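First the structure, in the form of structure tokens, and then the observations on it.
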Amino acid sequence: MTATPNTKQTVLDSLHESHREWPYSEAHDTVNEDPWPLAWDAAAFIEEWFAHPDHNDVEEAICFVELVPSKFGYDVADWHFKQPPASLLKAHLLRIVKGWSGETALHDYLDDNPELVAELGFEDGIASKTTL
């Protein structure tokens, strides 16, 4: 991965400069109302992310995007807490971006890319297929 915590900070600094209201969702009830604030936040982040000369990979963007799963209505059962909820949500964002309809393709891809598993924030390795 070409992105680093330093390049992420550069993106966040630029984001706060160019989009002073980011994160827009902070001022809105995104769980019970319109999902637009979350979409706007993500679009603003991605816009700044890919403006950085070292950032050219959507997987990296997913790994570094800041998100709070509960804002997406992503309530995780207690038994899922062996894996970080944000990591699970990011994995599913990757699944959607790749166009996979189920967890098998996602699990197989992550199994073949252990560095991506770590970058997504899974603390104890890849999540099981049933957890995904």
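In the structure tokens, the first chain shown is A, the next is B, and so on; residue numbers restart at 1 for each chain, and ligands run from 1 in the order shown.
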With a distance cut-off of 10 Å and only C-alpha atoms, select the neighbouring residues of Thr7 (chain A), excluding the residue or stretch itself and same-chain residues fewer than 6 positions from it, and output the selection as a ChimeraX atom specification.
-> /A:13,49,52-55
Using the selection just defined, write its residues with N, CA and C atoms as a short mmCIF file (atom, residue, chain, number, x, y, z; two decimals), in the first residue's frame.
```
data_model
loop_
_atom_site.label_atom_id
_atom_site.label_comp_id
_atom_site.auth_asym_id
_atom_site.auth_seq_id
_atom_site.Cartn_x
_atom_site.Cartn_y
_atom_site.Cartn_z
N ASP A 13 -6.37 16.86 6.52
CA ASP A 13 -6.12 18.31 6.64
C ASP A 13 -6.68 19.05 5.43
N TRP A 49 -9.09 12.07 -1.20
CA TRP A 49 -8.19 10.91 -1.18
C TRP A 49 -7.48 10.75 -2.51
N HIS A 52 -4.66 13.17 -3.83
CA HIS A 52 -3.29 13.01 -3.35
C HIS A 52 -2.51 12.18 -4.36
N PRO A 53 -1.30 12.60 -4.72
CA PRO A 53 -0.54 11.90 -5.78
C PRO A 53 -0.18 10.45 -5.46
N ASP A 54 -0.12 10.07 -4.19
CA ASP A 54 0.24 8.69 -3.84
C ASP A 54 -0.97 7.77 -3.72
N HIS A 55 -2.16 8.30 -3.90
CA HIS A 55 -3.37 7.50 -3.69
C HIS A 55 -4.05 7.19 -5.02
#
```
Running DSSP on the backbone, which parts of chain A land in helix (DSSP H, G or I), as an MDAnalysis selection string?
-> chainID A and resid 5:18 24:27 36:51 58:64 69:72 78:82 85:98 103:112 114:120
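Among A:Leu132, A:Ala61, A:Leu106, A:Leu93, the residue with the shortest atom-to-atom distance to Glu119 (chain A), counting only C-alpha atoms, is A:Ala61.
Pairwise distance (CA of Glu21 (chain A), CA of Glu66 (chain A)) equals 15.4 Å.
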For region 56-58 of chain A: contacts at 12 Å, only C-alpha atoms, fewer than 2 positions along chain excluded, given as a ChimeraX atom specification = /A:1-3,45-54,60-65,90,93-98,116
Serialized selection, N, CA and C atoms, as a PDB file, in the first residue's frame:
```pdb
ATOM      1  N   MET A   1       0.835  -1.188   0.000  1.00  0.00           N
ATOM      2  CA  MET A   1       0.000   0.000   0.000  1.00  0.00           C
ATOM      3  C   MET A   1       0.877   1.248   0.000  1.00  0.00           C
ATOM      4  N   THR A   2       0.490   2.189  -0.806  1.00  0.00           N
ATOM      5  CA  THR A   2       1.262   3.421  -0.890  1.00  0.00           C
ATOM      6  C   THR A   2       0.810   4.451   0.138  1.00  0.00           C
ATOM      7  N   ALA A   3      -0.403   4.308   0.628  1.00  0.00           N
ATOM      8  CA  ALA A   3      -0.905   5.250   1.633  1.00  0.00           C
ATOM      9  C   ALA A   3      -0.263   4.951   2.983  1.00  0.00           C
ATOM     10  N   PHE A  45     -14.527  12.653   1.208  1.00  0.00           N
ATOM     11  CA  PHE A  45     -13.294  11.949   1.564  1.00  0.00           C
ATOM     12  C   PHE A  45     -12.626  11.363   0.322  1.00  0.00           C
ATOM     13  N   ILE A  46     -13.418  10.675  -0.504  1.00  0.00           N
ATOM     14  CA  ILE A  46     -12.873  10.030  -1.699  1.00  0.00           C
ATOM     15  C   ILE A  46     -12.300  11.077  -2.658  1.00  0.00           C
ATOM     16  N   GLU A  47     -12.993  12.205  -2.800  1.00  0.00           N
ATOM     17  CA  GLU A  47     -12.507  13.281  -3.669  1.00  0.00           C
ATOM     18  C   GLU A  47     -11.123  13.750  -3.228  1.00  0.00           C
ATOM     19  N   GLU A  48     -10.962  13.981  -1.943  1.00  0.00           N
ATOM     20  CA  GLU A  48      -9.660  14.418  -1.431  1.00  0.00           C
ATOM     21  C   GLU A  48      -8.641  13.284  -1.473  1.00  0.00           C
ATOM     22  N   TRP A  49      -9.094  12.068  -1.196  1.00  0.00           N
ATOM     23  CA  TRP A  49      -8.192  10.912  -1.176  1.00  0.00           C
ATOM     24  C   TRP A  49      -7.483  10.753  -2.514  1.00  0.00           C
ATOM     25  N   PHE A  50      -8.265  10.752  -3.597  1.00  0.00           N
ATOM     26  CA  PHE A  50      -7.680  10.515  -4.914  1.00  0.00           C
ATOM     27  C   PHE A  50      -7.001  11.746  -5.496  1.00  0.00           C
ATOM     28  N   ALA A  51      -7.138  12.898  -4.857  1.00  0.00           N
ATOM     29  CA  ALA A  51      -6.399  14.091  -5.278  1.00  0.00           C
ATOM     30  C   ALA A  51      -4.939  14.007  -4.836  1.00  0.00           C
ATOM     31  N   HIS A  52      -4.659  13.175  -3.832  1.00  0.00           N
ATOM     32  CA  HIS A  52      -3.294  13.007  -3.346  1.00  0.00           C
ATOM     33  C   HIS A  52      -2.505  12.179  -4.362  1.00  0.00           C
ATOM     34  N   PRO A  53      -1.296  12.603  -4.720  1.00  0.00           N
ATOM     35  CA  PRO A  53      -0.543  11.903  -5.776  1.00  0.00           C
ATOM     36  C   PRO A  53      -0.183  10.448  -5.460  1.00  0.00           C
ATOM     37  N   ASP A  54      -0.119  10.074  -4.189  1.00  0.00           N
ATOM     38  CA  ASP A  54       0.239   8.694  -3.844  1.00  0.00           C
ATOM     39  C   ASP A  54      -0.966   7.767  -3.723  1.00  0.00           C
ATOM     40  N   GLU A  60      -7.255   0.883  -0.763  1.00  0.00           N
ATOM     41  CA  GLU A  60      -6.620   1.738   0.242  1.00  0.00           C
ATOM     42  C   GLU A  60      -7.600   2.753   0.789  1.00  0.00           C
ATOM     43  N   ALA A  61      -8.388   3.339  -0.093  1.00  0.00           N
ATOM     44  CA  ALA A  61      -9.374   4.322   0.349  1.00  0.00           C
ATOM     45  C   ALA A  61     -10.339   3.692   1.347  1.00  0.00           C
ATOM     46  N   ILE A  62     -10.796   2.490   1.066  1.00  0.00           N
ATOM     47  CA  ILE A  62     -11.703   1.794   1.976  1.00  0.00           C
ATOM     48  C   ILE A  62     -11.016   1.525   3.309  1.00  0.00           C
ATOM     49  N   CYS A  63      -9.756   1.144   3.271  1.00  0.00           N
ATOM     50  CA  CYS A  63      -9.021   0.861   4.509  1.00  0.00           C
ATOM     51  C   CYS A  63      -8.876   2.095   5.392  1.00  0.00           C
ATOM     52  N   PHE A  64      -8.712   3.252   4.773  1.00  0.00           N
ATOM     53  CA  PHE A  64      -8.430   4.460   5.533  1.00  0.00           C
ATOM     54  C   PHE A  64      -9.649   5.330   5.816  1.00  0.00           C
ATOM     55  N   VAL A  65     -10.769   5.076   5.154  1.00  0.00           N
ATOM     56  CA  VAL A  65     -11.948   5.910   5.379  1.00  0.00           C
ATOM     57  C   VAL A  65     -12.410   5.768   6.835  1.00  0.00           C
ATOM     58  N   LYS A  90     -16.165  -2.219   6.557  1.00  0.00           N
ATOM     59  CA  LYS A  90     -15.232  -1.929   5.470  1.00  0.00           C
ATOM     60  C   LYS A  90     -15.092  -3.130   4.531  1.00  0.00           C
ATOM     61  N   LEU A  93     -18.002  -3.053   2.327  1.00  0.00           N
ATOM     62  CA  LEU A  93     -17.848  -2.011   1.314  1.00  0.00           C
ATOM     63  C   LEU A  93     -16.970  -2.524   0.172  1.00  0.00           C
ATOM     64  N   LEU A  94     -15.905  -3.235   0.530  1.00  0.00           N
ATOM     65  CA  LEU A  94     -15.033  -3.839  -0.484  1.00  0.00           C
ATOM     66  C   LEU A  94     -15.821  -4.834  -1.328  1.00  0.00           C
ATOM     67  N   ARG A  95     -16.649  -5.652  -0.669  1.00  0.00           N
ATOM     68  CA  ARG A  95     -17.470  -6.635  -1.394  1.00  0.00           C
ATOM     69  C   ARG A  95     -18.377  -5.935  -2.403  1.00  0.00           C
ATOM     70  N   ILE A  96     -18.990  -4.831  -2.002  1.00  0.00           N
ATOM     71  CA  ILE A  96     -19.891  -4.094  -2.887  1.00  0.00           C
ATOM     72  C   ILE A  96     -19.119  -3.487  -4.050  1.00  0.00           C
ATOM     73  N   VAL A  97     -17.962  -2.871  -3.753  1.00  0.00           N
ATOM     74  CA  VAL A  97     -17.145  -2.259  -4.798  1.00  0.00           C
ATOM     75  C   VAL A  97     -16.692  -3.309  -5.816  1.00  0.00           C
ATOM     76  N   LYS A  98     -16.367  -4.489  -5.344  1.00  0.00           N
ATOM     77  CA  LYS A  98     -15.904  -5.563  -6.237  1.00  0.00           C
ATOM     78  C   LYS A  98     -17.056  -6.223  -6.991  1.00  0.00           C
ATOM     79  N   LEU A 116      -4.147  -7.053   3.294  1.00  0.00           N
ATOM     80  CA  LEU A 116      -5.390  -6.281   3.226  1.00  0.00           C
ATOM     81  C   LEU A 116      -6.235  -6.521   4.473  1.00  0.00           C
TER      82      LEU A 116
END
```
